[in-house]
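Enquirer: The structure under discussion is supplied below as structure tokens; questions concerning it will follow.
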Amino acid sequence: MMQLPVRTLIYDRDISGHHLDYLQFLVEYLKKMPEEVRSQFVFVLHEGARDRFRADELLVQFHYIDSEQLSSFLALTSVLRRAAAEMRYLTDLIHKYKVERLIFMHIDAFQYELGRTSISNMGVKFSGLLFLPFRKYYEDDSTLTDKLRREWRGWRKGWQMRWMLRNPQLERIFFLNDKQGVEEYNVRFGPRFEHLPDPIDVAQITTTSVVDLKRKYGVAEGRRIFLIYGHLSARKNVPTILAALQRLTHQERSQLSILICGEPEKGYDTTLFAAINEAEKKYPEVLFIKHFHFFAPAATNEVFKIADIVLVPYINFFSSSNILGLAAKYSKPLIASKLGVMGVLVSQYQLGITVAPHRAEAIADAMSTYLSQKNPVIDGNKYLQDYRSEVFCQKLLFSKE
């Protein structure tokens with residue numbers, strides 16, 4: 001007989017990128033559980049998530065953060081002050097819902113808060129996903145500035161981690177996909193770190209034909225489609241990708257389409273649009289297709305089905321992404337940064353080509369390689385087997401006890 005979990009809050013204020021996808025996996029998993037299990041969980045989410053989960057509210061409990069409260073959080077430009085305000089808000093909810101455990105879907109910003117004695121003394125267990133652990137050899141050290149920046153980040157990250165681990169109520173910290181990172185952190189800081197597979201929904205596959213999907217998204221036949229997908233922030237490295245076009249021949253550029261799908265990050269949109277507009281003027285032979293909006297799971301599957309190559313040469317990002325799983329599901333090769341967990345996984349599972357993300361010529365060489373191949377595909381089955389969504393949900397939702 002299943003032991004009932006303790007009353008648990010699951011907190012995620014963000015609705016950008018893949019946040020809603022992770023939450024959807026958890027909600028769908030809980031919907032299959034008995035009512036006495038489901039009722040132990042409360043999702044505390046941005047009110048913008050309401051439309052996504054409205055149909056699930058009969059089975060799963062949600063608490064939506066209203067716009068006034070969200071605005072008060074976002075008005076605080078200091079990460080520490082914002083985290084403190086959010087923790088005060090969560091403390092009220094802990095009392096309201098008689099909570100014994102709190103799961104942060106993005107724990108990074110709360111490291112200082114969790115190390116405070118007053119938080120430790122609340123009698124609540126904590127766990128969460130850490131998206132930005134420091135791995136020294138993943139970071140660029142090609143210049144003196146890079147080396148100094150790396151050393152400073154290492155010192156700061158180590159201090160933050162030790163401070164957070166002062167909290168004896170902090171049960172588990174999860175690293176997405178990074179098994180080696182988990183082993184290193186457990187040796188360095190103590191055994192509270194666990195590997196968490198980045199979940200993949202293998203069941204959801206669009207049945208619409210490629211021909212119809214290309215017509216829907218305005219993609220011309222006869223071109224190799226390179227996809228840039230997701231929350232369009234600086235880490236997507238779009239200006240460097242576009243600079244790589246200069247290093248291709250005119251004939252190569254005439255063969256390709258750049259399909260850009262996602263919601264631009266506020267504050268970065270001006271830089272993004274300027275880079276794209278400049279490339280469109282400079283390379284009229286390239287077909288640019290742009291869909292600047294949030295992509296729900298159904299639409300996400302559609303654009304991965306019509307893509308030929310997926311571009312993920314991210315900068316200043318060393319964690320994983322479920323883009324790997326989407327590409328594996330549709331057998332689409334990636335051009336990925338060689339730095340970080342994504343680089344390791346792409347190499348380990350033979351999911352594509354890894355490159356130095358700051359070097360436009362390296363990205364161009366990889367693009368040229370795939371343009372020269374008749375039908376570039378990968379075998380993503382092994383990756384899909386290792387990263388099932390059920391494992392993600394079970395490990396995150398239920399404690400070891």
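Ordering of the structure tokens sets the chain letters (A, B, ...); residue numbers start at 1 within each chain; ligands are numbered from 1 in the order shown.
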Just want the 12 Å neighbourhood of A:Ile363, counted on only C-alpha atoms, with same-chain residues fewer than 4 positions away dropped. Output as a PyMOL selection string.
Expert: chain A and resi 226+237-248+310-314+334-338+353-359+367-370
Enquirer: I need the residues in stretch 116-340 of chain A that are strand (DSSP E) according to DSSP; give them as number ranges by chain.
Expert: A: 125-129, 170-176, 193-196, 224-229, 256-261, 287-291, 309-312, 334-337
Enquirer: Which parts of stretch 140-259 of chain A does DSSP call helix (DSSP H, G or I) when run on the backbone here, written out as a PyMOL selection string?
Expert: chain A and resi 144-164+179-189+210-217+234-236+238-247+250-253
Enquirer: Rank nothing, just name the residue among A:Asn167, A:Thr207, A:Ser233, A:Thr300 nearest to A:Lys266, using only C-alpha atoms.
Expert: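 Checking each candidate against A:Lys266, we get A:Ser233 as the closest.
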Enquirer: Leaving out stretch 20-29 of chain A and any residue of its chain fewer than 6 positions from it, which residues lie within 9 Å of it when counting only C-alpha atoms, given as a list of chain:residue names?
Expert: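 After dropping sequence-adjacent residues, the list is A:Asp12, A:Asp14, A:Phe43, A:Ala49, A:Arg52, A:Phe53, A:Asp56, A:Val60, A:Met105, A:Asp198, A:Pro199, A:Ile200, A:Asp201, A:Ala296, A:Pro297, A:Ser389, A:Glu390, A:Phe392, A:Cys393, A:Gln394, A:Leu396, A:Leu397.
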Enquirer: Show which residues sit within 12 Å of stretch 261-264 of chain A, as a tab-separated table (two decimals) with all heavy atoms, in the first residue's frame. Count only C-alpha atoms, and ignore same-chain residues fewer than 2 positions away.
Expert:
```tsv
chain	number	residue	atom	x	y	z
A	15	ILE	N	6.44	31.32	-16.11
A	15	ILE	CA	5.68	30.58	-17.10
A	15	ILE	C	6.37	30.61	-18.45
A	15	ILE	O	5.80	30.22	-19.47
A	15	ILE	CB	4.24	31.12	-17.25
A	15	ILE	CG1	4.24	32.61	-17.59
A	15	ILE	CG2	3.43	30.85	-16.00
A	15	ILE	CD1	2.86	33.16	-17.92
A	16	SER	N	7.63	31.03	-18.49
A	16	SER	CA	8.36	31.11	-19.74
A	16	SER	C	9.05	29.78	-20.03
A	16	SER	O	9.15	28.90	-19.17
A	16	SER	CB	9.40	32.23	-19.67
A	16	SER	OG	10.38	31.93	-18.67
A	17	GLY	N	9.56	29.67	-21.26
A	17	GLY	CA	10.35	28.50	-21.61
A	17	GLY	C	9.61	27.19	-21.36
A	17	GLY	O	8.47	27.00	-21.76
A	18	HIS	N	10.28	26.29	-20.62
A	18	HIS	CA	9.74	24.95	-20.40
A	18	HIS	C	9.09	24.78	-19.03
A	18	HIS	O	8.74	23.66	-18.65
A	18	HIS	CB	10.85	23.91	-20.57
A	18	HIS	CG	11.57	24.04	-21.88
A	18	HIS	ND1	10.92	23.96	-23.08
A	18	HIS	CD2	12.87	24.27	-22.16
A	18	HIS	CE1	11.81	24.11	-24.05
A	18	HIS	NE2	12.97	24.32	-23.52
A	217	TYR	N	3.02	26.79	-41.28
A	217	TYR	CA	4.03	27.67	-40.71
A	217	TYR	C	4.78	28.50	-41.76
A	217	TYR	O	5.72	29.22	-41.41
A	217	TYR	CB	5.02	26.86	-39.87
A	217	TYR	CG	4.40	26.37	-38.58
A	217	TYR	CD1	3.86	25.09	-38.48
A	217	TYR	CD2	4.31	27.21	-37.47
A	217	TYR	CE1	3.26	24.66	-37.30
A	217	TYR	CE2	3.72	26.78	-36.29
A	217	TYR	CZ	3.19	25.50	-36.21
A	217	TYR	OH	2.59	25.09	-35.05
A	226	PHE	N	16.53	25.04	-40.36
A	226	PHE	CA	17.26	25.13	-39.10
A	226	PHE	C	16.35	25.84	-38.09
A	226	PHE	O	15.93	26.98	-38.32
A	226	PHE	CB	18.56	25.91	-39.27
A	226	PHE	CG	19.61	25.16	-40.04
A	226	PHE	CD1	19.57	25.10	-41.43
A	226	PHE	CD2	20.66	24.52	-39.38
A	226	PHE	CE1	20.53	24.41	-42.14
A	226	PHE	CE2	21.62	23.82	-40.08
A	226	PHE	CZ	21.56	23.76	-41.46
A	227	LEU	N	16.07	25.16	-36.98
A	227	LEU	CA	15.10	25.66	-35.99
A	227	LEU	C	15.80	26.30	-34.80
A	227	LEU	O	16.70	25.71	-34.19
A	227	LEU	CB	14.23	24.49	-35.50
A	227	LEU	CG	13.26	24.79	-34.35
A	227	LEU	CD1	12.19	25.78	-34.77
A	227	LEU	CD2	12.63	23.49	-33.85
A	228	ILE	N	15.34	27.51	-34.45
A	228	ILE	CA	15.68	28.16	-33.18
A	228	ILE	C	14.38	28.24	-32.40
A	228	ILE	O	13.41	28.87	-32.84
A	228	ILE	CB	16.25	29.58	-33.40
A	228	ILE	CG1	17.52	29.52	-34.25
A	228	ILE	CG2	16.53	30.27	-32.06
A	228	ILE	CD1	18.03	30.89	-34.70
A	229	TYR	N	14.35	27.59	-31.24
A	229	TYR	CA	13.07	27.41	-30.55
A	229	TYR	C	13.19	27.74	-29.06
A	229	TYR	O	14.21	27.47	-28.43
A	229	TYR	CB	12.60	25.96	-30.70
A	229	TYR	CG	11.47	25.60	-29.77
A	229	TYR	CD1	10.15	25.89	-30.10
A	229	TYR	CD2	11.72	25.00	-28.54
A	229	TYR	CE1	9.11	25.58	-29.23
A	229	TYR	CE2	10.69	24.69	-27.66
A	229	TYR	CZ	9.38	24.99	-28.01
A	229	TYR	OH	8.37	24.71	-27.15
A	230	GLY	N	12.07	28.25	-28.51
A	230	GLY	CA	11.96	28.40	-27.06
A	230	GLY	C	11.87	29.85	-26.61
A	230	GLY	O	11.51	30.75	-27.38
A	231	HIS	N	12.17	30.05	-25.34
A	231	HIS	CA	12.16	31.40	-24.76
A	231	HIS	C	13.36	32.15	-25.33
A	231	HIS	O	14.51	31.83	-25.04
A	231	HIS	CB	12.26	31.28	-23.24
A	231	HIS	CG	12.19	32.60	-22.52
A	231	HIS	ND1	11.12	33.46	-22.65
A	231	HIS	CD2	13.07	33.20	-21.67
A	231	HIS	CE1	11.33	34.53	-21.91
A	231	HIS	NE2	12.51	34.40	-21.32
A	232	LEU	N	13.09	33.15	-26.16
A	232	LEU	CA	14.14	33.81	-26.94
A	232	LEU	C	14.85	34.88	-26.12
A	232	LEU	O	14.50	36.06	-26.14
A	232	LEU	CB	13.52	34.41	-28.21
A	232	LEU	CG	12.84	33.38	-29.14
A	232	LEU	CD1	12.13	34.07	-30.29
A	232	LEU	CD2	13.86	32.36	-29.65
A	233	SER	N	15.86	34.44	-25.39
A	233	SER	CA	16.67	35.33	-24.56
A	233	SER	C	18.09	35.36	-25.12
A	233	SER	O	18.40	34.71	-26.13
A	233	SER	CB	16.69	34.82	-23.12
A	233	SER	OG	17.29	33.54	-23.06
A	234	ALA	N	18.97	36.08	-24.44
A	234	ALA	CA	20.35	36.22	-24.91
A	234	ALA	C	21.06	34.87	-24.99
A	234	ALA	O	21.94	34.67	-25.83
A	234	ALA	CB	21.12	37.17	-23.99
A	235	ARG	N	20.69	33.94	-24.12
A	235	ARG	CA	21.40	32.65	-24.11
A	235	ARG	C	21.18	31.85	-25.39
A	235	ARG	O	21.96	30.95	-25.71
A	235	ARG	CB	20.97	31.82	-22.90
A	235	ARG	CG	19.68	31.06	-23.06
A	235	ARG	CD	19.36	30.24	-21.85
A	235	ARG	NE	18.23	29.35	-22.06
A	235	ARG	CZ	17.61	28.71	-21.10
A	235	ARG	NH1	17.99	28.87	-19.85
A	235	ARG	NH2	16.60	27.90	-21.37
A	236	LYS	N	20.13	32.17	-26.16
A	236	LYS	CA	19.89	31.46	-27.41
A	236	LYS	C	20.98	31.75	-28.45
A	236	LYS	O	21.08	31.03	-29.45
A	236	LYS	CB	18.53	31.82	-27.99
A	236	LYS	CG	17.34	31.40	-27.13
A	236	LYS	CD	17.19	29.91	-27.05
A	236	LYS	CE	15.94	29.51	-26.26
A	236	LYS	NZ	15.79	28.06	-26.11
A	238	VAL	N	21.39	34.01	-30.74
A	238	VAL	CA	20.90	34.25	-32.10
A	238	VAL	C	21.84	35.14	-32.91
A	238	VAL	O	22.13	34.83	-34.08
A	238	VAL	CB	19.47	34.83	-32.07
A	238	VAL	CG1	19.02	35.24	-33.47
A	238	VAL	CG2	18.50	33.81	-31.48
A	258	ILE	N	15.70	29.63	-41.87
A	258	ILE	CA	15.85	29.79	-40.43
A	258	ILE	C	14.45	29.95	-39.85
A	258	ILE	O	13.77	30.95	-40.11
A	258	ILE	CB	16.72	31.02	-40.06
A	258	ILE	CG1	18.09	30.95	-40.74
A	258	ILE	CG2	16.86	31.12	-38.54
A	258	ILE	CD1	18.98	29.85	-40.23
A	259	LEU	N	14.00	28.95	-39.10
A	259	LEU	CA	12.67	28.97	-38.50
A	259	LEU	C	12.84	29.34	-37.02
A	259	LEU	O	13.46	28.61	-36.25
A	259	LEU	CB	12.03	27.59	-38.63
A	259	LEU	CG	10.67	27.37	-37.96
A	259	LEU	CD1	9.62	28.33	-38.50
A	259	LEU	CD2	10.21	25.92	-38.14
A	266	LYS	N	11.35	39.99	-22.61
A	266	LYS	CA	11.22	41.45	-22.49
A	266	LYS	C	12.58	42.05	-22.14
A	266	LYS	O	13.28	41.55	-21.26
A	266	LYS	CB	10.21	41.80	-21.40
A	266	LYS	CG	8.77	41.48	-21.78
A	266	LYS	CD	7.80	41.91	-20.70
A	266	LYS	CE	6.36	41.60	-21.09
A	266	LYS	NZ	5.39	41.99	-20.04
A	267	GLY	N	12.93	43.11	-22.84
A	267	GLY	CA	14.22	43.74	-22.63
A	267	GLY	C	15.28	43.26	-23.60
A	267	GLY	O	16.27	43.94	-23.83
A	268	TYR	N	15.05	42.05	-24.16
A	268	TYR	CA	16.00	41.52	-25.15
A	268	TYR	C	15.41	41.60	-26.56
A	268	TYR	O	16.14	41.44	-27.54
A	268	TYR	CB	16.35	40.07	-24.82
A	268	TYR	CG	17.37	39.47	-25.76
A	268	TYR	CD1	18.69	39.91	-25.76
A	268	TYR	CD2	16.99	38.48	-26.67
A	268	TYR	CE1	19.62	39.37	-26.64
A	268	TYR	CE2	17.92	37.93	-27.56
A	268	TYR	CZ	19.23	38.39	-27.53
A	268	TYR	OH	20.16	37.86	-28.40
A	269	ASP	N	14.13	41.84	-26.66
A	269	ASP	CA	13.47	41.81	-27.96
A	269	ASP	C	14.07	42.79	-28.96
A	269	ASP	O	14.19	42.50	-30.16
A	269	ASP	CB	11.96	42.02	-27.82
A	269	ASP	CG	11.61	43.19	-26.91
A	269	ASP	OD1	12.52	43.85	-26.39
A	269	ASP	OD2	10.40	43.43	-26.71
A	270	THR	N	14.48	43.99	-28.50
A	270	THR	CA	15.06	44.98	-29.40
A	270	THR	C	16.34	44.46	-30.03
A	270	THR	O	16.55	44.57	-31.25
A	270	THR	CB	15.34	46.29	-28.65
A	270	THR	OG1	14.12	46.79	-28.09
A	270	THR	CG2	15.92	47.34	-29.59
A	271	THR	N	17.21	43.89	-29.21
A	271	THR	CA	18.46	43.32	-29.71
A	271	THR	C	18.19	42.17	-30.68
A	271	THR	O	18.81	42.07	-31.75
A	271	THR	CB	19.31	42.80	-28.53
A	271	THR	OG1	19.60	43.89	-27.65
A	271	THR	CG2	20.61	42.18	-29.02
A	272	LEU	N	17.25	41.32	-30.33
A	272	LEU	CA	16.91	40.17	-31.16
A	272	LEU	C	16.38	40.61	-32.52
A	272	LEU	O	16.85	40.14	-33.57
A	272	LEU	CB	15.86	39.32	-30.44
A	272	LEU	CG	15.31	38.13	-31.21
A	272	LEU	CD1	16.37	37.07	-31.41
A	272	LEU	CD2	14.09	37.53	-30.49
A	273	PHE	N	15.40	41.52	-32.51
A	273	PHE	CA	14.79	41.96	-33.76
A	273	PHE	C	15.80	42.68	-34.65
A	273	PHE	O	15.79	42.51	-35.87
A	273	PHE	CB	13.60	42.87	-33.48
A	273	PHE	CG	12.47	42.19	-32.75
A	273	PHE	CD1	11.57	42.92	-31.99
A	273	PHE	CD2	12.31	40.81	-32.81
A	273	PHE	CE1	10.53	42.30	-31.32
A	273	PHE	CE2	11.27	40.17	-32.13
A	273	PHE	CZ	10.39	40.92	-31.39
A	288	PHE	N	13.76	33.50	-43.87
A	288	PHE	CA	13.52	33.61	-42.43
A	288	PHE	C	12.03	33.48	-42.16
A	288	PHE	O	11.22	34.21	-42.74
A	288	PHE	CB	14.02	34.96	-41.90
A	288	PHE	CG	15.52	35.10	-41.88
A	288	PHE	CD1	16.20	35.56	-42.99
A	288	PHE	CD2	16.24	34.75	-40.74
A	288	PHE	CE1	17.58	35.69	-42.98
A	288	PHE	CE2	17.63	34.88	-40.72
A	288	PHE	CZ	18.30	35.34	-41.84
A	289	ILE	N	11.67	32.54	-41.30
A	289	ILE	CA	10.27	32.38	-40.89
A	289	ILE	C	10.20	32.61	-39.39
A	289	ILE	O	10.90	31.95	-38.62
A	289	ILE	CB	9.73	30.98	-41.22
A	289	ILE	CG1	9.95	30.65	-42.69
A	289	ILE	CG2	8.25	30.89	-40.88
A	289	ILE	CD1	11.05	29.66	-42.92
A	290	LYS	N	9.37	33.57	-38.97
A	290	LYS	CA	9.34	33.99	-37.56
A	290	LYS	C	7.93	33.83	-36.99
A	290	LYS	O	6.96	34.30	-37.58
A	290	LYS	CB	9.79	35.45	-37.45
A	290	LYS	CG	11.22	35.70	-37.95
A	290	LYS	CD	11.46	37.16	-38.29
A	290	LYS	CE	10.69	37.54	-39.53
A	290	LYS	NZ	10.99	38.93	-40.00
A	291	HIS	N	7.87	33.19	-35.84
A	291	HIS	CA	6.62	33.06	-35.10
A	291	HIS	C	6.92	33.43	-33.65
A	291	HIS	O	7.30	32.59	-32.84
A	291	HIS	CB	6.08	31.63	-35.20
A	291	HIS	CG	5.71	31.23	-36.60
A	291	HIS	ND1	4.50	31.57	-37.18
A	291	HIS	CD2	6.41	30.55	-37.55
A	291	HIS	CE1	4.46	31.10	-38.42
A	291	HIS	NE2	5.61	30.48	-38.66
A	292	PHE	N	6.73	34.71	-33.35
A	292	PHE	CA	7.11	35.24	-32.04
A	292	PHE	C	5.94	35.16	-31.07
A	292	PHE	O	5.22	36.13	-30.85
A	292	PHE	CB	7.59	36.69	-32.17
A	292	PHE	CG	8.87	36.84	-32.95
A	292	PHE	CD1	8.98	37.82	-33.92
A	292	PHE	CD2	9.96	36.02	-32.71
A	292	PHE	CE1	10.16	37.98	-34.63
A	292	PHE	CE2	11.14	36.16	-33.41
A	292	PHE	CZ	11.24	37.14	-34.38
A	293	HIS	N	5.74	33.98	-30.49
A	293	HIS	CA	4.71	33.81	-29.47
A	293	HIS	C	5.02	32.55	-28.69
A	293	HIS	O	5.87	31.74	-29.07
A	293	HIS	CB	3.31	33.74	-30.10
A	293	HIS	CG	3.15	32.63	-31.10
A	293	HIS	ND1	2.89	31.31	-30.73
A	293	HIS	CD2	3.23	32.62	-32.46
A	293	HIS	CE1	2.80	30.56	-31.82
A	293	HIS	NE2	3.00	31.32	-32.88
A	294	PHE	N	4.31	32.37	-27.60
A	294	PHE	CA	4.50	31.17	-26.79
A	294	PHE	C	3.95	29.95	-27.54
A	294	PHE	O	2.89	30.02	-28.15
A	294	PHE	CB	3.79	31.30	-25.44
A	294	PHE	CG	3.78	30.04	-24.63
A	294	PHE	CD1	4.93	29.64	-23.95
A	294	PHE	CD2	2.64	29.25	-24.56
A	294	PHE	CE1	4.93	28.46	-23.20
A	294	PHE	CE2	2.64	28.07	-23.82
A	294	PHE	CZ	3.79	27.68	-23.14
A	295	PHE	N	4.68	28.84	-27.47
A	295	PHE	CA	4.27	27.61	-28.14
A	295	PHE	C	3.81	26.58	-27.12
A	295	PHE	O	4.60	26.15	-26.28
A	295	PHE	CB	5.44	27.04	-28.96
A	295	PHE	CG	5.54	27.62	-30.35
A	295	PHE	CD1	5.87	28.96	-30.52
A	295	PHE	CD2	5.29	26.86	-31.46
A	295	PHE	CE1	5.95	29.52	-31.78
A	295	PHE	CE2	5.36	27.40	-32.74
A	295	PHE	CZ	5.70	28.74	-32.90
A	296	ALA	N	2.54	26.21	-27.21
A	296	ALA	CA	1.99	25.13	-26.38
A	296	ALA	C	2.55	23.81	-26.88
A	296	ALA	O	3.11	23.73	-27.98
A	296	ALA	CB	0.47	25.15	-26.43
A	299	ALA	N	1.80	22.67	-30.60
A	299	ALA	CA	2.53	23.44	-31.61
A	299	ALA	C	4.02	23.16	-31.56
A	299	ALA	O	4.70	23.14	-32.59
A	299	ALA	CB	2.27	24.93	-31.40
A	300	THR	N	4.55	22.93	-30.35
A	300	THR	CA	5.96	22.58	-30.21
A	300	THR	C	6.28	21.32	-30.99
A	300	THR	O	7.27	21.25	-31.73
A	300	THR	CB	6.31	22.37	-28.72
A	300	THR	OG1	6.16	23.61	-28.02
A	300	THR	CG2	7.74	21.86	-28.57
A	301	ASN	N	5.44	20.31	-30.86
A	301	ASN	CA	5.65	19.07	-31.61
A	301	ASN	C	5.58	19.29	-33.11
A	301	ASN	O	6.31	18.64	-33.87
A	301	ASN	CB	4.63	18.02	-31.17
A	301	ASN	CG	5.03	17.32	-29.88
A	301	ASN	OD1	5.67	16.28	-29.92
A	301	ASN	ND2	4.68	17.90	-28.75
A	302	GLU	N	4.75	20.20	-33.53
A	302	GLU	CA	4.61	20.48	-34.96
A	302	GLU	C	5.89	21.06	-35.55
A	302	GLU	O	6.36	20.63	-36.61
A	302	GLU	CB	3.44	21.43	-35.19
A	302	GLU	CG	2.09	20.79	-34.94
A	302	GLU	CD	0.93	21.76	-35.08
A	302	GLU	OE1	1.17	22.99	-35.14
A	302	GLU	OE2	-0.22	21.28	-35.14
A	303	VAL	N	6.49	22.04	-34.86
A	303	VAL	CA	7.67	22.68	-35.44
A	303	VAL	C	8.90	21.77	-35.38
A	303	VAL	O	9.78	21.84	-36.24
A	303	VAL	CB	7.96	24.05	-34.79
A	303	VAL	CG1	6.82	25.01	-35.07
A	303	VAL	CG2	8.23	23.95	-33.31
A	304	PHE	N	8.95	20.88	-34.38
A	304	PHE	CA	10.05	19.92	-34.35
A	304	PHE	C	9.89	18.87	-35.45
A	304	PHE	O	10.87	18.34	-35.97
A	304	PHE	CB	10.17	19.27	-32.98
A	304	PHE	CG	11.03	20.06	-32.04
A	304	PHE	CD1	10.50	21.13	-31.34
A	304	PHE	CD2	12.38	19.77	-31.88
A	304	PHE	CE1	11.29	21.89	-30.48
A	304	PHE	CE2	13.17	20.51	-31.03
A	304	PHE	CZ	12.64	21.58	-30.32
A	307	ALA	N	11.19	20.62	-38.70
A	307	ALA	CA	12.59	21.06	-38.69
A	307	ALA	C	13.49	19.95	-39.22
A	307	ALA	O	13.18	18.76	-39.14
A	307	ALA	CB	13.00	21.46	-37.29
A	310	VAL	N	18.23	21.35	-35.35
A	310	VAL	CA	17.86	22.20	-34.22
A	310	VAL	C	19.11	22.90	-33.70
A	310	VAL	O	20.12	22.25	-33.40
A	310	VAL	CB	17.21	21.37	-33.10
A	310	VAL	CG1	16.78	22.28	-31.95
A	310	VAL	CG2	16.02	20.57	-33.64
A	311	LEU	N	19.03	24.22	-33.61
A	311	LEU	CA	20.18	25.05	-33.21
A	311	LEU	C	20.11	25.37	-31.73
A	311	LEU	O	19.21	26.10	-31.28
A	311	LEU	CB	20.19	26.35	-34.02
A	311	LEU	CG	20.55	26.19	-35.51
A	311	LEU	CD1	20.11	27.42	-36.29
A	311	LEU	CD2	22.05	25.95	-35.68
```
Enquirer: To one decimal in Å, tell me the separation between atom CA of A:Arg82 and atom CA of A:Ser118.
Expert: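 A separation of 17.3 Å between them.
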Enquirer: Taking only C-alpha atoms into account, which of A:Thr206, A:Ser78, A:Gln40, A:Asn316 comes nearest A:Arg150?
Expert: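 Smallest distance to A:Arg150 is found for A:Asn316.
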